[in-house]
file work-v7.cif (mmCIF, C-alpha atoms)
data_my_file
loop_
_atom_site.label_atom_id
_atom_site.label_comp_id
_atom_site.auth_asym_id
_atom_site.auth_seq_id
_atom_site.Cartn_x
_atom_site.Cartn_y
_atom_site.Cartn_z
CA MET A 11 19.54 -4.86 51.46
CA ASN A 12 18.86 -8.58 51.63
CA LEU A 13 16.32 -9.87 49.19
CA ALA A 14 14.74 -13.20 48.46
CA ARG A 15 11.78 -14.56 46.59
CA LEU A 16 9.66 -17.60 47.44
CA HIS A 17 7.26 -19.37 45.18
CA TRP A 18 4.86 -22.31 45.40
CA PRO A 19 1.60 -23.32 43.67
CA GLU A 20 -1.30 -20.97 44.28
CA ARG A 21 -3.74 -23.64 45.44
CA ILE A 22 -2.49 -26.09 48.06
CA VAL A 23 -4.69 -28.67 49.79
CA ALA A 24 -3.59 -30.25 53.10
CA GLY A 25 -1.54 -33.36 52.42
CA ASP A 26 -0.18 -32.07 49.10
CA VAL A 27 3.50 -32.38 48.33
CA VAL A 28 4.44 -28.98 46.89
CA LYS A 29 7.49 -27.74 45.08
CA VAL A 30 9.00 -24.69 46.78
CA ARG A 31 11.32 -22.41 44.84
CA LEU A 32 13.60 -20.02 46.63
CA LEU A 33 15.73 -17.33 45.00
CA VAL A 34 18.20 -15.46 47.21
CA GLN A 35 20.10 -12.36 46.21
CA HIS A 36 23.73 -12.81 47.12
CA ALA A 37 26.93 -12.04 45.22
CA MET A 38 28.52 -15.38 46.33
CA ASP A 39 32.01 -13.93 45.84
CA THR A 40 34.42 -16.80 45.38
CA GLY A 41 37.50 -14.86 46.42
CA TYR A 42 39.15 -15.47 43.06
CA LEU A 43 37.65 -12.59 41.09
CA GLN A 44 38.44 -8.90 40.70
CA ASP A 45 36.03 -6.00 40.89
CA LEU A 46 35.56 -3.42 38.13
CA LEU A 47 38.64 -1.54 39.31
CA GLY A 48 40.88 -4.62 39.35
CA LYS A 49 40.95 -5.19 43.12
CA MET A 50 40.51 -8.71 44.45
CA VAL A 51 37.11 -9.31 46.02
CA PRO A 52 37.43 -11.31 49.26
CA ARG A 53 35.48 -14.54 49.56
CA ASN A 54 31.96 -13.99 50.79
CA VAL A 55 29.44 -16.77 50.30
CA ILE A 56 26.34 -17.87 52.18
CA ARG A 57 27.54 -20.15 55.00
CA LEU A 58 24.25 -21.50 56.11
CA LEU A 59 20.71 -21.20 54.87
CA THR A 60 17.73 -22.64 56.68
CA CYS A 61 14.03 -22.78 55.90
CA LYS A 62 11.42 -23.35 58.55
CA LEU A 63 7.80 -24.12 57.78
CA GLY A 64 5.99 -23.22 60.98
CA THR A 65 8.25 -24.69 63.65
CA ARG A 66 9.59 -27.51 61.48
CA GLU A 67 12.91 -27.12 59.71
CA VAL A 68 12.39 -28.24 56.11
CA LEU A 69 15.68 -27.25 54.47
CA ARG A 70 19.24 -26.72 55.64
CA VAL A 71 22.01 -25.93 53.13
CA GLU A 72 25.64 -25.05 53.59
CA PRO A 73 26.53 -23.60 50.19
CA SER A 74 30.18 -23.21 49.23
CA SER A 75 31.99 -21.02 46.73
CA GLY A 76 30.99 -23.47 43.99
CA ILE A 77 27.42 -22.15 44.01
CA ALA A 78 26.57 -19.41 41.52
CA ALA A 79 25.56 -15.91 42.51
CA ASN A 80 21.88 -15.37 43.33
CA PRO A 81 21.31 -19.07 43.99
CA LEU A 82 18.02 -20.76 43.24
CA PHE A 83 16.92 -23.63 45.50
CA GLU A 84 14.11 -26.04 44.81
CA PHE A 85 12.76 -28.52 47.30
CA PHE A 86 9.56 -30.34 48.19
CA VAL A 87 7.54 -30.13 51.38
CA ARG A 88 4.37 -31.83 52.50
CA ALA A 89 1.88 -29.13 53.44
CA THR A 90 -0.44 -29.96 56.34
CA GLU A 91 -1.75 -26.61 57.53
CA THR A 92 -1.35 -22.91 56.87
CA ALA A 93 2.04 -21.88 58.18
CA GLU A 94 4.73 -19.30 57.73
CA MET A 95 7.82 -20.17 55.71
CA HIS A 96 10.77 -18.48 57.35
CA VAL A 97 14.06 -18.35 55.44
CA GLU A 98 17.25 -17.27 57.18
CA TRP A 99 20.82 -17.12 55.98
CA VAL A 100 24.21 -15.90 57.14
CA ASP A 101 27.31 -15.26 55.02
CA ASP A 102 31.07 -15.21 55.63
CA ARG A 103 30.97 -11.57 56.70
CA GLY A 104 28.36 -12.43 59.29
CA ARG A 105 25.60 -10.55 57.51
CA ARG A 106 22.21 -12.08 58.12
CA GLY A 107 19.21 -12.08 55.88
CA GLU A 108 15.71 -13.33 56.34
CA TYR A 109 12.50 -13.59 54.43
CA LYS A 110 9.01 -14.66 55.49
CA GLN A 111 5.98 -15.65 53.50
CA THR A 112 2.81 -17.41 54.59
CA MET A 113 1.84 -20.60 52.85
CA ALA A 114 -1.95 -20.82 52.74
CA VAL A 115 -3.21 -24.41 52.85
CA LEU A 116 -6.84 -25.40 52.23
CA PRO A 117 -8.30 -28.11 54.48
CA ALA A 118 -8.42 -31.58 52.94
CA PRO A 119 -11.85 -32.62 51.61
CA PRO A 120 -13.61 -35.17 53.86
CA ARG A 121 -13.25 -38.76 52.66
CA MET B 24 9.29 43.02 -8.02
CA LYS B 25 11.03 43.35 -4.68
CA ALA B 26 7.99 42.10 -2.83
CA TRP B 27 7.74 39.10 -5.12
CA ARG B 28 11.38 38.26 -4.46
CA LEU B 29 10.86 38.53 -0.75
CA ALA B 30 7.87 36.24 -0.93
CA ALA B 31 9.85 33.71 -2.94
CA LEU B 32 12.68 33.85 -0.42
CA MET B 33 10.29 33.34 2.44
CA CYS B 34 8.72 30.41 0.65
CA LEU B 35 12.16 28.90 0.25
CA ALA B 36 13.01 29.47 3.87
CA LEU B 37 9.75 27.92 5.00
CA HIS B 38 10.21 25.02 2.65
CA SER B 39 13.64 24.21 4.02
CA ALA B 40 12.32 24.49 7.55
CA TRP B 41 9.48 22.11 6.81
CA ALA B 42 11.40 19.72 4.66
CA GLN B 43 11.86 16.40 6.39
CA PRO B 44 15.54 15.69 6.99
CA THR B 45 16.43 12.68 4.88
CA PRO B 46 16.80 9.72 7.25
CA PRO B 47 20.35 8.36 7.36
CA THR B 48 20.91 5.06 5.58
CA ARG B 49 21.03 1.98 7.74
CA ALA B 50 23.82 -0.58 7.48
CA LEU B 51 21.51 -3.02 9.26
CA PRO B 52 18.03 -2.88 7.70
CA LEU B 53 15.14 -2.63 10.16
CA SER B 54 13.64 -5.83 8.76
CA GLN B 55 16.69 -7.81 9.89
CA LEU B 56 16.79 -6.64 13.51
CA GLN B 57 17.06 -9.40 16.09
CA SER B 58 17.16 -9.03 19.84
CA GLY B 59 20.15 -10.54 21.62
CA LEU B 60 17.83 -13.22 22.97
CA TYR B 61 17.65 -14.71 19.48
CA PHE B 62 21.39 -15.41 19.56
CA SER B 63 21.30 -16.86 23.10
CA GLY B 64 21.23 -20.52 23.99
CA LYS B 65 18.06 -22.37 24.95
CA ASP B 66 19.04 -22.36 28.65
CA VAL B 67 19.40 -18.58 28.71
CA GLN B 68 16.11 -18.15 26.87
CA ALA B 69 14.39 -20.44 29.39
CA LEU B 70 15.86 -18.52 32.33
CA GLN B 71 14.66 -15.21 30.92
CA ALA B 72 11.18 -16.60 30.29
CA ASP B 73 10.88 -18.02 33.83
CA ALA B 74 9.18 -15.19 35.70
CA PHE B 75 10.28 -16.55 39.06
CA ALA B 76 13.81 -17.82 38.51
CA ASN B 77 14.89 -14.88 36.34
CA PRO B 78 17.48 -13.36 38.70
CA ALA B 79 16.88 -9.84 37.39
CA GLN B 80 13.58 -9.96 39.29
CA LEU B 81 15.56 -9.43 42.50
CA TRP B 82 16.76 -6.05 41.27
CA LEU B 83 13.26 -5.23 40.13
CA SER B 84 12.00 -5.82 43.68
CA LEU B 85 14.86 -3.68 44.99
CA GLY B 86 14.02 -0.89 42.54
CA ASP B 87 10.37 -1.02 43.57
CA THR B 88 11.33 -0.70 47.26
CA LEU B 89 13.67 2.22 46.59
CA TRP B 90 11.06 3.95 44.42
CA ARG B 91 8.78 4.20 47.45
CA GLN B 92 11.49 4.95 49.98
CA ALA B 93 11.81 8.52 51.25
CA SER B 94 15.26 9.99 50.66
CA ASP B 95 16.41 9.99 54.27
CA GLY B 96 13.89 7.85 56.08
CA ASN B 97 11.99 11.01 57.02
CA ASP B 98 8.37 10.86 55.90
CA LYS B 99 8.36 14.50 54.82
CA SER B 100 11.25 14.10 52.39
CA THR B 101 10.56 13.14 48.81
CA SER B 102 10.60 9.67 47.35
CA CYS B 103 10.38 8.91 43.64
CA PHE B 104 6.80 7.85 44.35
CA SER B 105 5.76 11.13 45.97
CA CYS B 106 6.34 13.01 42.68
CA HIS B 107 5.92 10.35 40.02
CA GLY B 108 3.36 7.96 41.51
CA GLU B 109 3.39 4.39 40.26
CA ALA B 110 6.39 3.83 38.01
CA ASN B 111 4.35 1.52 35.79
CA GLN B 112 2.11 4.44 34.81
CA SER B 113 4.31 7.52 34.94
CA MET B 114 7.45 5.98 33.40
CA LYS B 115 5.68 4.32 30.49
CA GLY B 116 7.72 4.76 27.31
CA VAL B 117 10.53 6.66 29.01
CA ALA B 118 13.17 3.99 28.48
CA THR B 119 12.44 3.91 24.74
CA ARG B 120 13.41 7.58 24.36
CA TYR B 121 16.81 7.66 26.10
CA PRO B 122 19.63 8.66 25.70
CA ALA B 123 18.21 12.13 25.10
CA VAL B 124 19.52 15.67 25.39
CA ASP B 125 18.51 17.36 28.63
CA THR B 126 17.17 20.78 27.66
CA ARG B 127 18.36 22.54 30.81
CA SER B 128 21.93 21.31 31.04
CA GLY B 129 22.41 20.50 27.35
CA ARG B 130 23.96 17.16 28.33
CA LEU B 131 23.21 13.90 26.58
CA MET B 132 21.70 11.75 29.32
CA ASN B 133 20.80 8.11 29.63
CA VAL B 134 18.15 6.85 32.05
CA GLU B 135 20.73 6.41 34.82
CA ASP B 136 21.90 10.03 34.46
CA ARG B 137 18.31 11.21 34.52
CA ILE B 138 17.59 9.27 37.72
CA ASN B 139 20.72 10.71 39.30
CA GLN B 140 19.67 14.21 38.29
CA CYS B 141 16.47 13.70 40.28
CA THR B 142 18.45 12.21 43.18
CA THR B 143 20.80 15.17 43.48
CA GLN B 144 18.50 18.06 42.55
CA HIS B 145 15.15 17.07 44.01
CA GLN B 146 16.01 14.55 46.69
CA LYS B 147 19.17 16.44 47.71
CA ARG B 148 21.14 13.24 48.03
CA PRO B 149 24.57 12.29 46.72
CA ALA B 150 24.40 10.74 43.24
CA LEU B 151 24.09 6.96 43.11
CA GLN B 152 27.30 5.22 42.05
CA PRO B 153 27.43 3.98 38.45
CA ASP B 154 26.30 0.35 38.28
CA SER B 155 25.41 0.25 41.97
CA ASP B 156 22.56 -2.08 42.88
CA ALA B 157 20.36 0.88 43.79
CA LEU B 158 20.84 2.69 40.48
CA LEU B 159 20.43 -0.52 38.47
CA GLY B 160 17.28 -1.43 40.38
CA LEU B 161 15.66 1.94 39.73
CA THR B 162 16.73 1.89 36.08
CA LEU B 163 15.27 -1.57 35.65
CA LEU B 164 12.02 -0.43 37.24
CA VAL B 165 11.83 2.49 34.79
CA ALA B 166 12.67 0.20 31.86
CA GLN B 167 10.06 -2.32 33.00
CA ALA B 168 7.35 0.31 32.56
CA SER B 169 8.13 0.33 28.82
CA LYS B 170 8.16 -3.44 28.46
CA GLY B 171 7.15 -4.45 24.94
CA MET B 172 7.21 -0.89 23.60
CA PRO B 173 9.37 -0.19 20.52
CA LEU B 174 12.64 1.73 20.82
CA GLN B 175 12.24 5.22 19.40
CA VAL B 176 14.94 7.79 20.10
CA ASN B 177 15.07 11.30 18.72
CA ILE B 178 18.20 11.91 16.66
CA ASN B 179 17.25 15.31 15.25
CA GLY B 180 17.82 18.79 16.59
CA THR B 181 20.31 19.03 19.43
CA ALA B 182 20.76 15.24 19.45
CA LYS B 183 22.02 15.23 15.84
CA PRO B 184 25.73 15.92 16.56
CA HIS B 185 25.67 13.28 19.30
CA TRP B 186 24.17 10.77 16.91
CA GLN B 187 26.83 11.60 14.32
CA LYS B 188 29.63 11.10 16.84
CA GLY B 189 28.05 7.83 17.96
CA ALA B 190 27.78 6.63 14.37
CA ALA B 191 31.42 7.55 13.73
CA LEU B 192 32.49 5.73 16.88
CA PHE B 193 30.52 2.64 15.90
CA ASN B 194 32.31 2.43 12.56
CA GLN B 195 35.77 3.42 13.76
CA ARG B 196 38.43 0.79 14.22
CA GLN B 197 40.08 0.98 17.61
CA GLY B 198 42.07 -0.91 20.20
CA GLN B 199 45.00 -3.27 19.84
CA LEU B 200 42.81 -5.66 17.88
CA ASN B 201 41.92 -2.76 15.56
CA LEU B 202 38.25 -3.68 15.30
CA SER B 203 35.18 -1.53 14.96
CA CYS B 204 31.77 -2.29 16.47
CA ALA B 205 30.38 -2.59 12.93
CA GLN B 206 32.79 -5.34 11.94
CA CYS B 207 31.34 -7.74 14.50
CA HIS B 208 27.80 -6.52 14.98
CA ASP B 209 26.84 -5.26 11.49
CA GLN B 210 28.90 -7.45 9.21
CA ASN B 211 29.36 -10.72 11.10
CA TYR B 212 26.46 -11.20 13.49
CA GLY B 213 25.28 -14.80 13.70
CA GLN B 214 28.86 -16.04 13.17
CA ARG B 215 30.81 -17.39 16.09
CA LEU B 216 33.41 -15.63 18.21
CA TYR B 217 35.14 -18.61 19.83
CA VAL B 218 32.09 -20.56 21.07
CA ASP B 219 29.58 -17.74 21.34
CA PRO B 220 27.39 -16.50 18.52
CA LEU B 221 27.89 -12.81 17.78
CA SER B 222 24.75 -10.82 18.40
CA GLN B 223 23.76 -7.63 16.66
CA GLY B 224 24.59 -5.68 19.80
CA GLN B 225 21.04 -4.48 20.36
CA PRO B 226 20.35 -2.31 23.42
CA ASN B 227 16.72 -3.32 24.10
CA GLY B 228 17.24 -5.47 27.21
CA TYR B 229 19.22 -3.15 29.49
CA PRO B 230 19.94 -3.14 32.34
CA VAL B 231 20.56 -6.83 31.72
CA TYR B 232 21.40 -9.77 33.97
CA ARG B 233 24.55 -11.32 32.52
CA LEU B 234 25.57 -14.77 33.66
CA GLU B 235 29.20 -13.73 33.17
CA TRP B 236 28.80 -10.87 35.64
CA GLN B 237 26.47 -12.83 37.91
CA LYS B 238 24.55 -9.62 38.43
CA LEU B 239 22.65 -6.88 36.69
CA GLY B 240 24.66 -4.43 34.59
CA SER B 241 24.08 -1.31 32.55
CA LEU B 242 24.54 -0.79 28.82
CA GLU B 243 27.58 1.31 29.66
CA ARG B 244 29.18 -1.61 31.47
CA ARG B 245 28.42 -3.85 28.50
CA LEU B 246 30.05 -1.38 26.13
CA ARG B 247 33.06 -1.22 28.42
CA SER B 248 33.27 -5.01 28.22
CA CYS B 249 33.43 -4.77 24.44
CA TYR B 250 36.10 -2.07 24.72
CA SER B 251 38.19 -4.38 26.92
CA GLY B 252 37.52 -7.22 24.48
CA ILE B 253 39.09 -5.35 21.59
CA ARG B 254 41.70 -3.93 23.98
CA ALA B 255 40.72 -0.34 23.42
CA GLU B 256 41.39 2.45 25.88
CA LEU B 257 38.48 2.71 28.30
CA PRO B 258 36.84 6.11 28.71
CA PRO B 259 36.00 7.09 32.30
CA TRP B 260 32.61 6.09 33.73
CA GLY B 261 29.93 8.53 32.65
CA ALA B 262 31.80 9.61 29.49
CA THR B 263 29.63 11.37 26.89
CA GLU B 264 31.20 9.16 24.24
CA MET B 265 29.46 6.10 25.73
CA ARG B 266 26.10 7.89 25.70
CA GLN B 267 26.66 8.90 22.07
CA LEU B 268 27.39 5.30 21.17
CA ALA B 269 24.30 4.20 23.11
CA LEU B 270 22.20 6.77 21.22
CA TYR B 271 23.43 5.36 17.94
CA LEU B 272 22.67 1.81 19.11
CA MET B 273 19.15 2.79 20.14
CA TRP B 274 18.54 4.39 16.74
CA ARG B 275 20.03 1.36 15.04
CA GLY B 276 17.66 -0.96 16.92
CA GLU B 277 14.63 1.28 16.34
CA GLY B 278 11.38 -0.63 16.68
CA LEU B 279 12.73 -3.54 18.73
CA PRO B 280 10.56 -4.08 21.81
CA VAL B 281 11.97 -3.33 25.26
CA GLU B 282 12.65 -6.77 26.67
CA VAL B 283 13.38 -6.39 30.39
CA PRO B 284 14.09 -8.19 32.66
CA ALA B 285 16.52 -9.77 30.22
CA VAL B 286 19.16 -12.45 30.81
CA ARG B 287 22.24 -12.86 28.63
CA LYS B 288 25.25 -15.14 28.75
#
call {"tool": "encode", "arguments": {"input": "work-v7.cif", "output": "structure tokens"}}
result
Amino acid sequence: MNLARLHWPERIVAGDVVKVRLLVQHAMDTGYLQDLLGKMVPRNVIRLLTCKLGTREVLRVEPSSGIAANPLFEFFVRATETAEMHVEWVDDRGRRGEYKQTMAVLPAPPR
Amino acid sequence: MKAWRLAALMCLALHSAWAQPTPPTRALPLSQLQSGLYFSGKDVQALQADAFANPAQLWLSLGDTLWRQASDGNDKSTSCFSCHGEANQSMKGVATRYPAVDTRSGRLMNVEDRINQCTTQHQKRPALQPDSDALLGLTLLVAQASKGMPLQVNINGTAKPHWQKGAALFNQRQGQLNLSCAQCHDQNYGQRLYVDPLSQGQPNGYPVYRLEWQKLGSLERRLRSCYSGIRAELPPWGATEMRQLALYLMWRGEGLPVEVPAVRK
């Protein structure tokens, strides 16, 4: 099962720059470690991870074996309107994961 | 005369039945108990406190999903939820009481064993593998329901011999390094082992996310790590001896609050 968690401030007004935190569950096996029974675990890390806010791509990462298991990503986006954040990733074994969460944005107050 | 004697005997018998068993002496006084978090670095403490970034949360979400999932995808089959309802309500305090002796089978069971008993007997599914993500997730969900509650295991009655064996194991030197658990965790906690401070070996945060493992792990896995550390012979997974040791640890840490989801180095 592929799991992720997304987090941003509860109250976002259009035009705000918000910090997005993304936690992805992945073993990020480096290929250098053994399992509990002493067998080598083949390398399996996330190859590519992308985040789309609405139709706009806001983050693209190509993590390598130097990234810890269950990686945490933090980045900033400018929120303009309510949109869905869509996270997708694929690992060395070709397994895909995705996670969606809607970012609710309040309209900007009139000037 | 005879009647009087009989009465006296009965009184004696009743008295011994009612008499409180004297509590065993503690090498580590209750007033000095410290959770493993106390011996962790600031970074680890910060990671545990961060409700979002704490990686154990991922397994908690997994456990919550599995709790509601029917055993074979069929709506008529049983899920944990269909019998027990919300884990937060029905499982409150459960994690503080285990390992405990199962009255039907007479086995000393930890929370994982108890979950697997439900899986095989009521859900009619093969048992979950030890330390599999599914079993850890469910165990963490059950432990989460007791968050903040003090550890309180029963060591009397049928659990007594298990407690005694656990206590003996804790104090027995073993392995190529010829060390006992007590030598590090009773007598030298707070000192350093290479660069890491020695903790008291308290069991109140399990299943725990260890940075060394880069995933969640059970108390049994942690004990196995210690066994490897002192180069002792490893018992097979699921060995009663590990549950006995865990029972002793739970008694030893009596009163410490359950601290899941915990992160350790």
call {"tool": "residues_around", "arguments": {"input": "work-v7.cif", "residues": "A:Arg53", "least_positions_apart": "6", "cutoff": "7 Å", "atoms": "only C-alpha atoms", "output": "ChimeraX atom specification"}}
result
/A:39-41
call {"tool": "axis_aligned_box", "arguments": {"input": "work-v7.cif", "around": "stretch 205-221 of chain B", "padding_each_side": "8 Å", "output": "lines of an AutoDock Vina configuration file"}}
result
center_x = 30.2
center_y = -11.6
center_z = 15.3
size_x = 25.9
size_y = 34.0
size_z = 28.1
call {"tool": "closest_residue", "arguments": {"input": "work-v7.cif", "among": "B:Gln146, B:Asp156, B:Asn77, B:Asp87", "to": "B:Ser102", "atoms": "only C-alpha atoms"}}
result
B:Gln146
call {"tool": "residues_around", "arguments": {"input": "work-v7.cif", "residues": "B:Ser58", "least_positions_apart": "2", "cutoff": "10 Å", "atoms": "all atoms listed in the file", "output": "list in words"}}
result
Leu56, Leu60, Tyr61, Phe62, Ser63, Ser222, Gln223, Gly224, Gln225, Pro226, Asn227, Gly228, Gly276, Leu279, Pro280, Val281 and Glu282 of chain B
call {"tool": "residues_near_point", "arguments": {"input": "work-v7.cif", "point": "(19.4, 4.6, 34.2)", "cutoff": "9 Å", "atoms": "all atoms listed in the file", "output": "PyMOL selection string"}}
result
chain B and resi 118+132-139+158-163+165-166+230+241
call {"tool": "atom_distance", "arguments": {"input": "work-v7.cif", "atom1": "atom CA of B:Ser105", "atom2": "atom CA of B:Cys141"}}
result
12.4 Å
call {"tool": "closest_atom_pairs", "arguments": {"input": "work-v7.cif", "of": "chain A", "to": "chain B", "cutoff": "8 Å", "atoms": "all atoms listed in the file", "output": "JSON lines"}}
result
{"residue": "A:Leu13", "atom": "CA", "partner": "B:Leu81", "partner_atom": "CA", "distance": 6.7}
{"residue": "A:Ala14", "atom": "CA", "partner": "B:Leu81", "partner_atom": "CA", "distance": 7.1}
{"residue": "A:Arg15", "atom": "CA", "partner": "B:Leu81", "partner_atom": "CA", "distance": 7.6}
{"residue": "A:His17", "atom": "CA", "partner": "B:Phe75", "partner_atom": "CA", "distance": 7.4}
{"residue": "A:Leu33", "atom": "CA", "partner": "B:Ala76", "partner_atom": "CA", "distance": 6.8}
{"residue": "A:Gln35", "atom": "CA", "partner": "B:Leu81", "partner_atom": "CA", "distance": 6.6}
{"residue": "A:Ala37", "atom": "CA", "partner": "B:Gln237", "partner_atom": "CA", "distance": 7.4}
{"residue": "A:Ala78", "atom": "CA", "partner": "B:Gln237", "partner_atom": "CA", "distance": 7.5}
{"residue": "A:Ala79", "atom": "CA", "partner": "B:Gln237", "partner_atom": "CA", "distance": 5.6}
{"residue": "A:Asn80", "atom": "CA", "partner": "B:Pro78", "partner_atom": "CA", "distance": 6.7}
{"residue": "A:Leu82", "atom": "CA", "partner": "B:Ala76", "partner_atom": "CA", "distance": 7.0}
call {"tool": "residues_around", "arguments": {"input": "work-v7.cif", "residues": "A:Asp26", "least_positions_apart": "6", "cutoff": "12 Å", "atoms": "all atoms listed in the file", "output": "count of residues only"}}
result
14
call {"tool": "atom_distance", "arguments": {"input": "work-v7.cif", "atom1": "atom CA of B:Lys115", "atom2": "atom CA of A:Leu16"}}
result
28.0 Å
call {"tool": "resolve_selection", "arguments": {"input": "work-v7.cif", "expression": "the PyMOL selection byres ((chain A and resi 61) around 10)", "output": "PyMOL selection string"}}
result
chain A and resi 32+59-60+62-71+95-99+108-110
call {"tool": "residues_around", "arguments": {"input": "work-v7.cif", "residues": "A:Asp102", "least_positions_apart": "2", "cutoff": "7 Å", "atoms": "all atoms listed in the file", "output": "PyMOL selection string"}}
result
chain A and resi 54-57+104
call {"tool": "closest_residue", "arguments": {"input": "work-v7.cif", "among": "A:Arg21, A:Arg106, A:Arg31, A:His36", "to": "A:Phe85", "atoms": "all atoms listed in the file"}}
result
A:Arg31
call {"tool": "closest_residue", "arguments": {"input": "work-v7.cif", "among": "B:Gly261, B:Pro47, B:Gly116, B:Gly240", "to": "B:Val286", "atoms": "only C-alpha atoms"}}
result
B:Gly240
call {"tool": "resolve_selection", "arguments": {"input": "work-v7.cif", "expression": "the PyMOL selection byres ((chain B and resi 252) around 12)", "output": "list in words"}}
result
Gln197, Gly198, Gln199, Leu200, Asn201, Leu202, Ser203, Cys204, Cys207, Leu216, Arg245, Leu246, Arg247, Ser248, Cys249, Tyr250, Ser251, Ile253, Arg254, Ala255, Glu256 and Leu257 of chain B
call {"tool": "residues_near_point", "arguments": {"input": "work-v7.cif", "point": "(23.0, -11.1, 32.0)", "cutoff": "6 Å", "atoms": "only C-alpha atoms", "output": "list in words"}}
result
Val231, Tyr232, Arg233, Leu234, Val286, Arg287 and Lys288 of chain B
call {"tool": "decode", "arguments": {"input": "work-v7.cif", "residues": "stretch 42-60 of chain A", "atoms": "N, CA and C atoms", "output": "mmCIF file, in the first residue's frame"}}
result
data_model
loop_
_atom_site.group_PDB
_atom_site.id
_atom_site.type_symbol
_atom_site.label_atom_id
_atom_site.label_comp_id
_atom_site.auth_asym_id
_atom_site.auth_seq_id
_atom_site.Cartn_x
_atom_site.Cartn_y
_atom_site.Cartn_z
ATOM 1 N N TYR A 42 22.541 -1.633 -0.435
ATOM 2 C CA TYR A 42 23.747 -2.014 0.314
ATOM 3 C C TYR A 42 23.418 -2.714 1.626
ATOM 4 N N LEU A 43 22.134 -2.827 1.955
ATOM 5 C CA LEU A 43 21.764 -3.352 3.270
ATOM 6 C C LEU A 43 21.154 -4.745 3.181
ATOM 7 N N GLN A 44 21.174 -5.447 4.325
ATOM 8 C CA GLN A 44 20.595 -6.781 4.389
ATOM 9 C C GLN A 44 19.253 -6.721 5.108
ATOM 10 N N ASP A 45 18.399 -7.692 4.825
ATOM 11 C CA ASP A 45 17.139 -7.764 5.551
ATOM 12 C C ASP A 45 17.357 -8.512 6.860
ATOM 13 N N LEU A 46 16.271 -8.774 7.597
ATOM 14 C CA LEU A 46 16.396 -9.396 8.916
ATOM 15 C C LEU A 46 16.979 -10.798 8.847
ATOM 16 N N LEU A 47 16.896 -11.426 7.679
ATOM 17 C CA LEU A 47 17.415 -12.786 7.549
ATOM 18 C C LEU A 47 18.809 -12.807 6.926
ATOM 19 N N GLY A 48 19.373 -11.623 6.663
ATOM 20 C CA GLY A 48 20.741 -11.567 6.163
ATOM 21 C C GLY A 48 20.854 -11.561 4.650
ATOM 22 N N LYS A 49 19.721 -11.481 3.945
ATOM 23 C CA LYS A 49 19.779 -11.429 2.476
ATOM 24 C C LYS A 49 19.904 -9.982 2.017
ATOM 25 N N MET A 50 20.673 -9.760 0.937
ATOM 26 C CA MET A 50 20.814 -8.407 0.428
ATOM 27 C C MET A 50 19.476 -7.922 -0.130
ATOM 28 N N VAL A 51 19.146 -6.668 0.176
ATOM 29 C CA VAL A 51 17.917 -6.079 -0.357
ATOM 30 C C VAL A 51 18.292 -5.287 -1.604
ATOM 31 N N PRO A 52 17.712 -5.619 -2.768
ATOM 32 C CA PRO A 52 18.083 -4.881 -3.989
ATOM 33 C C PRO A 52 17.668 -3.417 -3.907
ATOM 34 N N ARG A 53 18.404 -2.577 -4.640
ATOM 35 C CA ARG A 53 18.130 -1.147 -4.622
ATOM 36 C C ARG A 53 16.715 -0.864 -5.104
ATOM 37 N N ASN A 54 16.015 -0.084 -4.363
ATOM 38 C CA ASN A 54 14.674 0.336 -4.773
ATOM 39 C C ASN A 54 14.383 1.686 -4.142
ATOM 40 N N VAL A 55 14.586 2.740 -4.930
ATOM 41 C CA VAL A 55 14.319 4.086 -4.419
ATOM 42 C C VAL A 55 13.316 4.772 -5.348
ATOM 43 N N ILE A 56 12.736 5.853 -4.854
ATOM 44 C CA ILE A 56 11.822 6.625 -5.698
ATOM 45 C C ILE A 56 12.646 7.262 -6.819
ATOM 46 N N ARG A 57 12.249 7.014 -8.068
ATOM 47 C CA ARG A 57 12.962 7.577 -9.221
ATOM 48 C C ARG A 57 12.561 9.013 -9.466
ATOM 49 N N LEU A 58 11.246 9.193 -9.424
ATOM 50 C CA LEU A 58 10.708 10.492 -9.806
ATOM 51 C C LEU A 58 9.468 10.770 -8.983
ATOM 52 N N LEU A 59 9.417 11.975 -8.450
ATOM 53 C CA LEU A 59 8.225 12.379 -7.699
ATOM 54 C C LEU A 59 7.783 13.733 -8.219
ATOM 55 N N THR A 60 6.512 13.846 -8.560
ATOM 56 C CA THR A 60 6.011 15.133 -9.039
ATOM 57 C C THR A 60 4.781 15.555 -8.249
#
